[in-house]
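Shown next: run_6.txt, given as compact mmCIF, C-alpha atoms.
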# COMPACT_ATOMS: atom_id res chain seq x y z
CA MET A 2 0.00 0.00 0.00
CA THR A 3 1.09 3.57 -0.66
CA LYS A 4 2.17 5.40 2.48
CA PRO A 5 -0.43 8.07 3.36
CA HIS A 6 0.55 11.71 3.03
CA MET A 7 -0.33 14.43 5.48
CA ILE A 8 -2.47 17.30 4.19
CA LEU A 9 -1.51 20.89 4.96
CA GLY A 10 -3.52 24.08 5.22
CA MET A 11 -2.11 27.57 5.77
CA HIS A 12 -3.71 30.01 8.20
CA LEU A 13 -4.06 33.34 6.44
CA GLY A 14 -5.29 36.16 8.63
CA ASN A 15 -4.61 39.86 8.86
CA GLY A 16 -1.76 40.23 6.36
CA TYR A 17 0.98 40.10 9.00
CA GLY A 18 1.04 36.73 10.77
CA SER A 19 -0.32 34.95 13.81
CA GLN A 20 1.71 36.89 16.38
CA GLY A 21 0.01 40.11 17.44
CA SER A 22 3.12 42.22 16.91
CA ALA A 23 3.98 40.72 13.50
CA TRP A 24 3.08 44.08 11.93
CA ARG A 25 6.21 45.56 13.59
CA ALA A 26 8.60 42.78 12.54
CA PRO A 27 11.66 43.62 10.43
CA GLY A 28 10.91 43.77 6.71
CA VAL A 29 7.13 43.98 7.18
CA ASP A 30 5.17 46.78 5.56
CA PRO A 31 2.94 48.08 8.40
CA ALA A 32 0.27 48.92 5.81
CA ASN A 33 -0.25 45.23 4.91
CA TYR A 34 -3.52 45.19 6.83
CA THR A 35 -5.16 46.65 3.73
CA SER A 36 -2.84 45.12 1.12
CA PHE A 37 -4.49 42.45 -1.00
CA ASP A 38 -1.21 42.23 -2.92
CA ALA A 39 0.51 41.01 0.25
CA GLN A 40 -2.16 38.37 0.81
CA VAL A 41 -1.77 37.20 -2.78
CA ARG A 42 1.99 36.97 -2.32
CA TYR A 43 1.60 34.83 0.81
CA ALA A 44 -0.92 32.59 -0.91
CA GLN A 45 1.45 32.05 -3.82
CA ALA A 46 4.22 31.09 -1.37
CA ALA A 47 1.92 28.52 0.25
CA GLU A 48 0.96 27.17 -3.17
CA ARG A 49 4.66 26.77 -3.97
CA GLY A 50 4.75 24.51 -0.90
CA LYS A 51 1.85 22.45 -2.33
CA PHE A 52 -0.50 23.36 0.52
CA ALA A 53 -3.98 21.91 0.06
CA PHE A 54 -5.77 25.03 1.22
CA LEU A 55 -5.65 28.45 2.77
CA PHE A 56 -7.81 28.91 5.85
CA LEU A 57 -9.25 32.31 6.73
CA PRO A 58 -10.88 32.45 10.16
CA ASP A 59 -13.36 35.27 10.57
CA PHE A 60 -15.07 37.20 13.32
CA PRO A 61 -17.78 39.72 12.45
CA GLY A 62 -16.33 42.44 14.63
CA LEU A 63 -13.04 43.88 15.88
CA GLN A 64 -10.50 41.45 17.33
CA SER A 65 -7.43 43.27 18.59
CA GLY A 66 -5.02 43.10 21.47
CA GLY A 67 -5.25 46.84 22.06
CA ASP A 68 -3.17 49.78 20.90
CA HIS A 69 -0.09 47.70 20.09
CA GLU A 70 -1.57 44.82 18.08
CA ALA A 71 -3.34 44.66 14.73
CA PRO A 72 -6.81 43.11 14.40
CA GLN A 73 -6.49 39.38 13.99
CA VAL A 74 -8.69 38.76 10.94
CA THR A 75 -8.64 39.80 7.30
CA LEU A 76 -10.61 42.80 6.07
CA GLU A 77 -13.21 40.56 4.43
CA PRO A 78 -12.57 36.89 3.71
CA MET A 79 -14.53 36.45 0.48
CA MET A 80 -13.04 39.55 -1.15
CA THR A 81 -9.58 38.42 -0.07
CA LEU A 82 -10.04 34.94 -1.52
CA ALA A 83 -11.49 36.33 -4.75
CA ALA A 84 -8.28 38.32 -5.23
CA ILE A 85 -6.19 35.25 -4.41
CA ALA A 86 -8.23 33.04 -6.74
CA ARG A 87 -7.19 35.11 -9.73
CA ALA A 88 -3.49 34.79 -8.90
CA THR A 89 -3.26 31.09 -7.97
CA LYS A 90 -4.11 27.83 -9.70
CA ARG A 91 -4.26 24.90 -7.28
CA ILE A 92 -4.44 25.89 -3.63
CA GLY A 93 -7.85 25.56 -1.94
CA LEU A 94 -9.63 28.64 -0.59
CA VAL A 95 -11.48 28.13 2.70
CA ALA A 96 -13.26 30.96 4.48
CA THR A 97 -15.37 31.14 7.61
CA GLY A 98 -19.00 32.13 7.19
CA SER A 99 -21.38 32.44 10.14
CA THR A 100 -24.61 30.47 10.01
CA THR A 101 -25.97 32.76 12.74
CA PHE A 102 -25.73 36.12 10.96
CA ASN A 103 -26.03 35.14 7.29
CA GLU A 104 -28.97 33.93 5.22
CA PRO A 105 -28.55 30.69 3.27
CA PHE A 106 -29.00 32.36 -0.11
CA ASN A 107 -26.19 34.85 0.59
CA LEU A 108 -23.84 32.08 1.69
CA ALA A 109 -24.79 29.84 -1.23
CA ARG A 110 -24.25 32.60 -3.76
CA GLN A 111 -20.94 33.89 -2.39
CA PHE A 112 -19.26 30.54 -1.89
CA LYS A 113 -20.44 28.98 -5.15
CA ALA A 114 -19.40 32.07 -7.11
CA LEU A 115 -15.95 31.75 -5.52
CA ASP A 116 -15.96 28.05 -6.38
CA VAL A 117 -16.74 28.76 -10.04
CA MET A 118 -14.22 31.61 -10.16
CA SER A 119 -11.46 29.39 -8.73
CA HIS A 120 -12.34 26.33 -10.86
CA GLY A 121 -13.40 24.19 -7.92
CA ARG A 122 -11.19 25.29 -5.03
CA ALA A 123 -13.63 26.83 -2.54
CA GLY A 124 -14.51 25.65 0.95
CA TRP A 125 -16.93 27.01 3.54
CA ASN A 126 -16.05 26.80 7.23
CA ALA A 127 -19.59 26.81 8.57
CA VAL A 128 -19.69 28.05 12.16
CA THR A 129 -22.19 29.42 14.64
CA THR A 130 -21.38 32.75 16.29
CA SER A 131 -21.90 33.23 20.01
CA ASP A 132 -20.11 36.48 20.79
CA PRO A 133 -22.39 39.30 22.05
CA ALA A 134 -20.17 41.96 20.45
CA ALA A 135 -20.58 40.30 17.06
CA ALA A 136 -24.32 40.00 17.57
CA ALA A 137 -24.51 43.71 18.38
CA ASN A 138 -23.04 44.51 14.96
CA PHE A 139 -26.18 42.98 13.46
CA GLY A 140 -28.52 44.64 15.93
CA GLN A 141 -29.17 41.31 17.61
CA THR A 142 -28.52 39.37 20.80
CA VAL A 143 -27.07 35.88 20.98
CA ALA A 144 -29.66 33.12 20.74
CA PRO A 145 -29.43 30.07 23.03
CA ARG A 146 -27.12 27.30 21.85
CA PRO A 147 -29.89 24.86 20.75
CA GLN A 148 -31.42 27.54 18.54
CA ARG A 149 -28.05 28.53 17.05
CA TYR A 150 -27.25 24.94 16.12
CA GLN A 151 -30.74 24.25 14.79
CA ARG A 152 -30.33 27.31 12.59
CA ALA A 153 -26.88 26.02 11.54
CA HIS A 154 -28.33 22.67 10.41
CA GLU A 155 -31.08 24.42 8.47
CA THR A 156 -28.65 26.92 6.93
CA ILE A 157 -26.21 24.28 5.73
CA GLN A 158 -28.94 22.06 4.30
CA ILE A 159 -30.65 24.91 2.48
CA THR A 160 -27.30 26.22 1.20
CA GLN A 161 -26.38 22.81 -0.21
CA ALA A 162 -29.83 22.43 -1.75
CA LEU A 163 -29.37 25.81 -3.42
CA TRP A 164 -25.97 24.71 -4.73
CA GLY A 165 -27.71 21.80 -6.45
CA SER A 166 -30.71 23.78 -7.72
CA TRP A 167 -28.92 24.46 -11.02
CA GLN A 168 -28.56 20.84 -12.07
CA GLN A 169 -25.22 19.63 -13.36
CA ASP A 170 -26.32 19.24 -16.99
CA ALA A 171 -28.65 22.26 -17.11
CA TRP A 172 -26.23 24.57 -18.89
CA ILE A 173 -26.48 23.85 -22.62
CA LYS A 174 -24.92 27.07 -24.03
CA ASP A 175 -25.54 25.99 -27.65
CA GLN A 176 -25.31 29.06 -29.87
CA LYS A 177 -26.53 27.26 -33.00
CA THR A 178 -29.79 26.11 -31.45
CA ALA A 179 -30.11 29.25 -29.31
CA ARG A 180 -30.47 27.19 -26.15
CA PHE A 181 -28.62 28.70 -23.22
CA SER A 182 -29.96 26.33 -20.58
CA ASP A 183 -32.62 23.74 -19.82
CA ALA A 184 -35.09 25.64 -17.66
CA ASP A 185 -36.59 22.40 -16.38
CA LYS A 186 -33.27 21.65 -14.69
CA ILE A 187 -33.01 24.98 -12.86
CA GLN A 188 -35.73 24.77 -10.27
CA PRO A 189 -36.70 26.41 -6.95
CA ILE A 190 -36.01 24.42 -3.79
CA ASN A 191 -38.84 25.93 -1.69
CA LEU A 192 -37.35 24.95 1.68
CA GLN A 193 -38.72 26.40 4.90
CA GLY A 194 -37.10 25.77 8.27
CA GLU A 195 -37.89 27.06 11.71
CA HIS A 196 -35.23 29.78 11.44
CA VAL A 197 -34.32 30.22 7.76
CA ALA A 198 -35.81 29.56 4.35
CA SER A 199 -35.18 30.02 0.64
CA ARG A 200 -37.18 29.70 -2.54
CA GLY A 201 -34.28 29.46 -4.99
CA PRO A 202 -33.02 28.55 -7.46
CA LEU A 203 -29.43 29.74 -7.30
CA PRO A 204 -28.43 30.91 -10.81
CA ILE A 205 -24.90 29.48 -10.73
CA PRO A 206 -23.82 26.31 -12.57
CA PRO A 207 -21.48 23.73 -11.02
CA SER A 208 -17.75 24.20 -10.71
CA GLU A 209 -15.14 21.61 -11.58
CA GLN A 210 -15.68 20.07 -8.13
CA GLY A 211 -19.44 20.51 -8.29
CA GLN A 212 -19.90 22.65 -5.20
CA PRO A 213 -17.80 23.98 -2.29
CA VAL A 214 -16.47 21.69 0.43
CA ILE A 215 -17.82 22.09 3.98
CA PHE A 216 -15.40 22.58 6.89
CA SER A 217 -16.17 22.80 10.60
CA ALA A 218 -14.36 24.39 13.54
CA GLY A 219 -16.98 24.07 16.27
CA GLY A 220 -16.55 22.20 19.54
CA GLY A 221 -18.75 20.27 21.94
CA GLU A 222 -21.44 17.74 21.14
CA ASN A 223 -23.35 20.16 18.93
CA GLY A 224 -20.27 20.97 16.88
CA LEU A 225 -19.39 17.29 16.67
CA GLU A 226 -22.79 16.42 15.24
CA LEU A 227 -22.64 19.31 12.76
CA ALA A 228 -19.24 18.20 11.48
CA GLY A 229 -20.23 14.54 11.41
CA ARG A 230 -23.15 15.25 9.11
CA TYR A 231 -21.68 17.76 6.70
CA ALA A 232 -17.92 18.39 6.99
CA ASN A 233 -15.03 17.01 5.00
CA GLY A 234 -12.51 19.01 7.03
CA VAL A 235 -12.26 19.88 10.73
CA ILE A 236 -10.10 22.79 11.90
CA ALA A 237 -9.01 21.86 15.42
CA ALA A 238 -7.26 23.39 18.42
CA VAL A 239 -5.61 20.71 20.53
CA PHE A 240 -2.38 20.47 22.51
CA THR A 241 -1.48 16.80 23.03
CA ILE A 242 -1.33 13.71 20.85
CA GLU A 243 -3.66 11.88 23.21
CA ASP A 244 -6.36 14.56 23.07
CA ALA A 245 -5.98 14.93 19.31
CA ARG A 246 -6.35 11.21 18.77
CA LYS A 247 -9.52 11.16 20.89
CA GLN A 248 -10.97 14.16 19.08
CA ARG A 249 -10.18 12.79 15.65
CA GLN A 250 -11.82 9.50 16.52
CA ALA A 251 -14.88 11.30 17.90
CA TYR A 252 -15.35 13.14 14.61
CA ARG A 253 -14.92 9.94 12.65
CA GLU A 254 -17.55 8.25 14.81
CA ALA A 255 -19.89 11.22 14.31
CA ALA A 256 -19.51 10.79 10.55
CA ARG A 257 -20.23 7.07 10.88
CA ARG A 258 -23.42 7.80 12.87
CA ALA A 259 -24.53 10.08 10.05
CA GLY A 260 -24.21 7.21 7.59
CA ARG A 261 -20.96 8.42 6.10
CA ASN A 262 -17.56 6.80 5.62
CA PRO A 263 -15.37 8.18 8.43
CA ASP A 264 -12.50 8.59 5.96
CA GLU A 265 -14.54 11.37 4.36
CA ILE A 266 -13.74 13.69 7.28
CA LYS A 267 -10.17 14.98 7.67
CA TYR A 268 -8.96 16.32 11.00
CA PHE A 269 -6.41 19.17 11.01
CA ALA A 270 -4.41 19.95 14.14
CA GLY A 271 -2.90 23.40 14.52
CA VAL A 272 0.81 24.11 14.72
CA MET A 273 2.61 27.43 15.26
CA PRO A 274 6.27 26.76 14.40
CA ALA A 275 9.09 28.90 15.73
CA ILE A 276 11.92 28.28 13.27
CA GLY A 277 15.52 29.48 13.42
CA LYS A 278 18.95 28.19 12.51
CA THR A 279 19.30 27.17 16.17
CA LYS A 280 16.91 26.97 19.08
CA ARG A 281 18.34 30.19 20.48
CA ASP A 282 17.73 31.94 17.16
CA ALA A 283 14.14 30.71 17.12
CA LEU A 284 13.59 31.88 20.69
CA ASP A 285 15.15 35.27 19.98
CA ARG A 286 12.72 35.73 17.10
CA ARG A 287 9.78 35.08 19.43
CA VAL A 288 11.29 37.18 22.21
CA GLY A 289 11.40 40.10 19.80
CA LEU A 290 7.80 39.54 18.76
CA GLY A 291 6.74 39.35 22.41
CA GLU A 292 8.65 42.44 23.52
CA LEU A 293 5.53 44.44 24.44
CA THR A 294 3.40 41.59 25.77
CA ALA A 295 5.73 39.40 27.83
CA ALA A 296 5.35 41.32 31.09
CA SER A 297 1.56 41.32 30.89
CA ARG A 298 1.52 37.56 30.33
CA VAL A 299 3.56 36.69 33.41
CA PRO A 300 0.56 36.55 35.80
CA TYR A 301 -1.31 34.25 33.43
CA LEU A 302 1.70 31.95 33.19
CA GLY A 303 1.65 31.92 37.00
CA SER A 304 -1.99 30.82 37.01
CA MET A 305 -1.11 28.01 34.61
CA LEU A 306 1.52 26.78 37.08
CA ASN A 307 -0.45 27.57 40.26
CA LEU A 308 2.15 30.15 41.26
CA GLN A 309 2.14 33.84 42.09
CA LEU A 310 4.49 35.27 39.47
CA ASP A 311 5.44 38.92 39.12
CA ALA A 312 6.51 40.74 35.96
CA SER A 313 9.70 41.87 37.72
CA GLN A 314 10.94 38.27 37.37
CA VAL A 315 10.42 38.14 33.61
CA ASP A 316 14.15 37.92 32.83
CA GLU A 317 14.88 35.32 35.49
CA PRO A 318 14.13 31.61 35.65
CA LEU A 319 11.79 30.20 38.24
CA THR A 320 13.49 29.69 41.59
CA PRO A 321 14.04 26.16 42.90
CA ALA A 322 11.25 26.75 45.42
CA GLN A 323 8.89 27.84 42.63
CA ILE A 324 9.79 24.85 40.50
CA SER A 325 9.16 22.56 43.46
CA ALA A 326 5.77 24.13 44.16
CA ALA A 327 4.60 24.44 40.56
CA GLN A 328 1.70 22.28 39.40
CA PRO A 329 -0.01 22.35 36.01
CA SER A 330 -3.48 23.83 36.10
CA PRO A 331 -6.21 21.29 35.28
CA PHE A 332 -8.14 24.10 33.58
CA ASP A 333 -5.62 24.83 30.82
CA PRO A 334 -4.37 22.01 28.56
CA ARG A 335 -1.21 24.01 27.80
CA SER A 336 -0.08 23.97 31.43
CA ALA A 337 1.81 20.66 31.36
CA ARG A 338 3.96 21.92 28.47
CA ALA A 339 4.56 25.22 30.30
CA LEU A 340 5.81 23.37 33.38
CA GLU A 341 8.02 21.12 31.26
CA VAL A 342 9.69 24.15 29.68
CA ALA A 343 10.02 25.95 33.04
CA ARG A 344 11.84 22.96 34.53
CA GLU A 345 14.48 23.24 31.80
CA GLY A 346 15.73 26.43 33.46
CA TRP A 347 14.71 29.08 30.92
CA THR A 348 13.90 32.62 31.95
CA ILE A 349 10.20 33.48 32.10
CA ARG A 350 10.61 35.55 28.93
CA ASP A 351 12.06 32.51 27.17
CA ILE A 352 9.35 30.25 28.58
CA LEU A 353 6.77 32.54 26.98
CA ALA A 354 8.81 32.56 23.76
CA HIS A 355 8.32 28.78 23.64
CA GLY A 356 4.70 29.58 22.78
CA VAL A 357 3.27 28.00 25.93
CA ILE A 358 0.38 30.50 25.89
CA ASP A 359 -0.14 30.37 22.13
CA TYR A 360 -3.30 28.71 20.87
CA HIS A 361 -1.52 25.77 19.20
CA PRO A 362 1.63 23.74 19.96
CA THR A 363 4.85 25.57 19.11
CA PRO A 364 7.86 23.44 18.13
CA VAL A 365 10.98 25.59 18.66
CA GLY A 366 14.28 25.16 16.84
CA ASP A 367 15.52 24.47 13.34
CA ALA A 368 13.23 23.15 10.63
CA SER A 369 13.75 19.53 11.66
CA VAL A 370 12.14 20.21 15.05
CA THR A 371 8.91 21.30 13.38
CA ALA A 372 9.11 18.36 10.95
CA ASP A 373 9.65 15.95 13.86
CA HIS A 374 6.61 17.33 15.69
CA MET A 375 4.40 17.00 12.63
CA GLN A 376 5.62 13.50 11.82
CA GLU A 377 5.09 12.29 15.39
CA TRP A 378 1.50 13.53 15.48
CA PHE A 379 0.67 12.30 11.99
CA GLU A 380 2.10 8.82 12.47
CA ALA A 381 0.33 8.53 15.84
CA ASP A 382 -3.03 8.95 14.04
CA ALA A 383 -3.56 12.19 15.95
CA CYS A 384 -4.46 14.07 12.76
CA ASP A 385 -4.75 13.81 8.99
CA GLY A 386 -2.66 16.94 8.60
CA PHE A 387 -2.15 20.42 9.99
CA TRP A 388 -3.23 23.98 9.58
CA VAL A 389 -0.01 25.90 9.91
CA SER A 390 -0.07 29.27 11.61
CA ILE A 391 3.06 31.28 10.77
CA ASP A 392 4.36 33.91 13.19
CA VAL A 393 5.36 36.48 10.53
CA ASN A 394 4.06 35.81 7.04
CA GLU A 395 6.55 38.05 5.24
CA ASP A 396 9.45 35.65 5.72
CA GLY A 397 7.94 32.79 7.73
CA ILE A 398 5.90 31.15 4.99
CA ASP A 399 8.92 30.97 2.69
CA THR A 400 11.01 29.55 5.54
CA PHE A 401 8.46 26.82 6.16
CA VAL A 402 8.14 26.02 2.46
CA ASP A 403 11.88 26.04 1.82
CA GLU A 404 13.04 24.26 4.99
CA VAL A 405 10.25 22.17 6.55
CA VAL A 406 8.42 20.96 3.43
CA PRO A 407 11.51 19.31 1.87
CA ILE A 408 12.15 17.37 5.09
CA LEU A 409 8.57 16.07 5.13
CA GLN A 410 8.90 15.14 1.45
CA GLU A 411 12.19 13.33 2.02
CA ARG A 412 10.57 11.34 4.81
CA GLY A 413 7.81 10.26 2.42
CA ILE A 414 4.94 11.73 4.44
CA TYR A 415 4.15 14.74 2.24
CA HIS A 416 3.47 14.83 -1.47
CA GLN A 417 5.90 16.16 -4.08
CA ASP A 418 3.15 17.88 -6.07
CA TYR A 419 -0.60 18.32 -6.32
CA GLN A 420 -2.38 15.17 -7.48
CA GLY A 421 -5.50 17.00 -8.64
CA THR A 422 -6.90 20.43 -9.38
CA THR A 423 -9.79 20.88 -6.94
CA LEU A 424 -10.11 21.13 -3.18
CA ARG A 425 -12.04 17.85 -3.17
CA ASP A 426 -9.08 16.27 -4.94
CA HIS A 427 -6.67 17.62 -2.33
CA LEU A 428 -8.77 16.29 0.56
CA GLY A 429 -9.79 13.01 -1.03
CA ALA A 430 -13.39 14.13 -0.48
CA PRO A 431 -16.15 12.37 -2.44
CA ALA A 432 -18.14 14.04 -5.17
CA GLN A 433 -21.29 15.77 -3.97
CA TYR A 434 -23.83 17.97 -5.66
CA GLY A 435 -26.72 19.38 -3.68
CA LEU A 436 -27.67 18.05 -0.27
CA ASP A 437 -26.14 14.69 0.67
CA PRO A 438 -28.95 12.15 0.12
CA ARG A 439 -27.63 10.05 3.01
CA LEU A 440 -28.92 12.73 5.40
CA ALA A 441 -32.53 12.35 4.26
CA ASN A 442 -33.39 9.85 7.00
CA LEU A 443 -31.78 11.80 9.86
CA THR A 444 -34.00 13.74 12.21
CA GLU A 445 -32.98 17.09 13.67
Can I see the file as structure tokens?
Amino acid sequence: MTKPHMILGMHLGNGYGSQGSAWRAPGVDPANYTSFDAQVRYAQAAERGKFAFLFLPDFPGLQSGGDHEAPQVTLEPMMTLAAIARATKRIGLVATGSTTFNEPFNLARQFKALDVMSHGRAGWNAVTTSDPAAAANFGQTVAPRPQRYQRAHETIQITQALWGSWQQDAWIKDQKTARFSDADKIQPINLQGEHVASRGPLPIPPSEQGQPVIFSAGGGENGLELAGRYANGVIAAVFTIEDARKQRQAYREAARRAGRNPDEIKYFAGVMPAIGKTKRDALDRRVGLGELTAASRVPYLGSMLNLQLDASQVDEPLTPAQISAAQPSPFDPRSARALEVAREGWTIRDILAHGVIDYHPTPVGDASVTADHMQEWFEADACDGFWVSIDVNEDGIDTFVDEVVPILQERGIYHQDYQGTTLRDHLGAPAQYGLDPRLANLTE
């Protein structure tokens, strides 16, 4: 049998990188927040590394760390991906779209238009939105969780039905017979749910992959069920191999309960590599990026270790008494890693530079350290691949592509080139057009 290959996605956010101070990094244009040219350049670098997809998280509001940090999301994900679509050929284009504050027809139209524009490379990360600040932007309040997820099920089903409302062979475009389309094959869907509805049809023909691929990034039992029914990709946040393996299996079981083949759902763990020629170089890069935030993070590090830590100690290691008393907090899954790093004798500033408070694991060192981390997780069946979150996009994506990707390729766990042209090809996702008929017997 052919050895399986990991699948990679690239986190593309605000035009700077995943670290809040990336906008101040050497060589970065501070105006990149509004530069679609910069986003295109980063996408092209990821495509050179044969990434399966770009992933754009989204939050319908302002996400910023204050005066010193740039907002953490792109200006507008669909506009950004439309620009990228015209300047790339293979890489998938996945954007987040809220099922809470969008109507199915809007979502169906935007994502299928992107799919047609990109020749079958679009994906929709379908999420509910529970933040009161986001709700306020729409003049609303947050609905209870059961209502939000009921609306999500209805929205996804109606969106997929709209995608299939222009049947695959409806477009005739025969100039000699003057037949543009077969009107009998472009029909309304007339679906009415408790929360959303649409008449249809959607006047957009199929793309090369038929219709966009569904992703999921929700948690809990509700999110698990949503992904199990509809998703071909899961964007995860997990910190240990054991937890990742359990989560991945839970999603696969959810797919099985929905009558699907569990191999249809791919689970992507996050990774935030800190890469340098040496470990000290990699740490110094992160120390520089954390210059303005390290002191403010010291108390939180203390809570992770059940210690009272003061910012005045930021350039000192923990004392022997502190090391002896430290215990990982059961409320933060990153705490065990933080204690492990602290016991190695690093200063608190260096402990923080290890990414122990970042929202994904951070392998620190030369490119082989990141490759080792990814290989260990992948071969332990903890994930089907990774979504890679680069600290500073301007140089970090090229570093990953030029230094980490060749190692993974040499080890036979990452492909040498794209094997297909569509996002479904890249994920090994089955063909689908319209709503999955296997869901017809499921009750909400």
Please list as a ChimeraX atom specification every residue within 10 Å of A:Gln417, counting all atoms listed in the file and excluding residues in the same chain fewer than 6 positions away.
/A:6,50-51,406-407,409-411
In Å, rounded to a single decimal, give me how far atom CA of A:Ile349 is from atom CA of A:Ala270.
26.8 Å
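The nearest approach to A:Pro78 among the residues A:Phe60, A:Tyr43, A:Trp378, A:Phe52, with only C-alpha atoms taken into account, belongs to A:Phe60.
Minimum distance to A:Thr35 across A:Glu70, A:Glu341, A:Glu77, A:Asp316 (counting only C-alpha atoms) occurs at A:Glu77.
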In the coordinate frame of the file, compute which residues have an atom within 12 Å of (0.1, 5.3, 2.6) when using all atoms listed in the file, and state them as a ChimeraX atom specification.
/A:2-7,379-380,385,413-416
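Atom CA of A:Pro133 is found 18.7 Å from atom CA of A:Gln151.
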Could you list, as a PyMOL selection string, every residue within 10 Å of A:Pro331, counting only C-alpha atoms and ignoring same-chain residues fewer than 3 positions away?
chain A and resi 305-307+328+334-337
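Residues in contact with A:Val95 at 10 Å, where only C-alpha atoms are counted and same-chain residues fewer than 4 positions away are skipped, are listed as A:Gly10, A:Met11, A:His12, A:Leu13, A:Phe54, A:Leu55, A:Phe56, A:Leu57, A:Pro58, A:Pro78, A:Met79, A:Leu82, A:Phe112, A:Arg122, A:Ala123, A:Gly124, A:Trp125, A:Asn126, A:Pro213, A:Val214, A:Ile215, A:Phe216, A:Leu424.
In terms of minimum interatomic distance to A:Arg25, A:Leu290 ranks closest within A:Ile159, A:Ile236, A:Leu290, A:Val402, counting all atoms listed in the file.
Pairwise distance (atom CA of A:Gln45, atom CA of A:Asp116) equals 18.0 Å.
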If I only have part of stretch 275-280 of chain A, can you fill in all heavy atoms and write it as a PDB file, keeping the file's coordinate frame?
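See rebuild17.pdb below for the written result:
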ATOM      1  N   ALA A 275       8.089  27.858  15.504  1.00  0.00           N
ATOM      2  CA  ALA A 275       9.090  28.900  15.730  1.00  0.00           C
ATOM      3  C   ALA A 275      10.404  28.369  15.168  1.00  0.00           C
ATOM      4  O   ALA A 275      11.035  27.493  15.767  1.00  0.00           O
ATOM      5  CB  ALA A 275       9.228  29.218  17.220  1.00  0.00           C
ATOM      6  N   ILE A 276      10.803  28.869  14.013  1.00  0.00           N
ATOM      7  CA  ILE A 276      11.920  28.280  13.270  1.00  0.00           C
ATOM      8  C   ILE A 276      13.099  29.244  13.226  1.00  0.00           C
ATOM      9  O   ILE A 276      12.949  30.432  12.927  1.00  0.00           O
ATOM     10  CB  ILE A 276      11.482  27.935  11.830  1.00  0.00           C
ATOM     11  CG1 ILE A 276      10.290  26.963  11.857  1.00  0.00           C
ATOM     12  CG2 ILE A 276      12.642  27.327  11.039  1.00  0.00           C
ATOM     13  CD1 ILE A 276       9.684  26.711  10.489  1.00  0.00           C
ATOM     14  N   GLY A 277      14.276  28.725  13.528  1.00  0.00           N
ATOM     15  CA  GLY A 277      15.520  29.480  13.420  1.00  0.00           C
ATOM     16  C   GLY A 277      16.648  28.526  13.083  1.00  0.00           C
ATOM     17  O   GLY A 277      16.462  27.303  13.091  1.00  0.00           O
ATOM     18  N   LYS A 278      17.807  29.055  12.806  1.00  0.00           N
ATOM     19  CA  LYS A 278      18.950  28.190  12.510  1.00  0.00           C
ATOM     20  C   LYS A 278      19.297  27.328  13.718  1.00  0.00           C
ATOM     21  O   LYS A 278      19.750  26.190  13.588  1.00  0.00           O
ATOM     22  CB  LYS A 278      20.159  29.033  12.090  1.00  0.00           C
ATOM     23  CG  LYS A 278      19.952  29.793  10.790  1.00  0.00           C
ATOM     24  CD  LYS A 278      19.678  28.851   9.625  1.00  0.00           C
ATOM     25  CE  LYS A 278      19.488  29.606   8.317  1.00  0.00           C
ATOM     26  NZ  LYS A 278      19.101  28.694   7.218  1.00  0.00           N
ATOM     27  N   THR A 279      19.105  27.903  14.919  1.00  0.00           N
ATOM     28  CA  THR A 279      19.300  27.170  16.170  1.00  0.00           C
ATOM     29  C   THR A 279      18.083  27.439  17.055  1.00  0.00           C
ATOM     30  O   THR A 279      17.267  28.320  16.773  1.00  0.00           O
ATOM     31  CB  THR A 279      20.560  27.646  16.902  1.00  0.00           C
ATOM     32  OG1 THR A 279      20.366  29.013  17.308  1.00  0.00           O
ATOM     33  CG2 THR A 279      21.794  27.547  16.010  1.00  0.00           C
ATOM     34  N   LYS A 280      18.006  26.718  18.161  1.00  0.00           N
ATOM     35  CA  LYS A 280      16.910  26.970  19.080  1.00  0.00           C
ATOM     36  C   LYS A 280      16.982  28.371  19.648  1.00  0.00           C
ATOM     37  O   LYS A 280      15.955  29.048  19.795  1.00  0.00           O
ATOM     38  CB  LYS A 280      16.907  25.933  20.211  1.00  0.00           C
ATOM     39  CG  LYS A 280      15.726  26.090  21.164  1.00  0.00           C
ATOM     40  CD  LYS A 280      15.539  24.893  22.056  1.00  0.00           C
ATOM     41  CE  LYS A 280      14.263  25.031  22.880  1.00  0.00           C
ATOM     42  NZ  LYS A 280      13.944  23.818  23.665  1.00  0.00           N
TER      43      LYS A 280
END
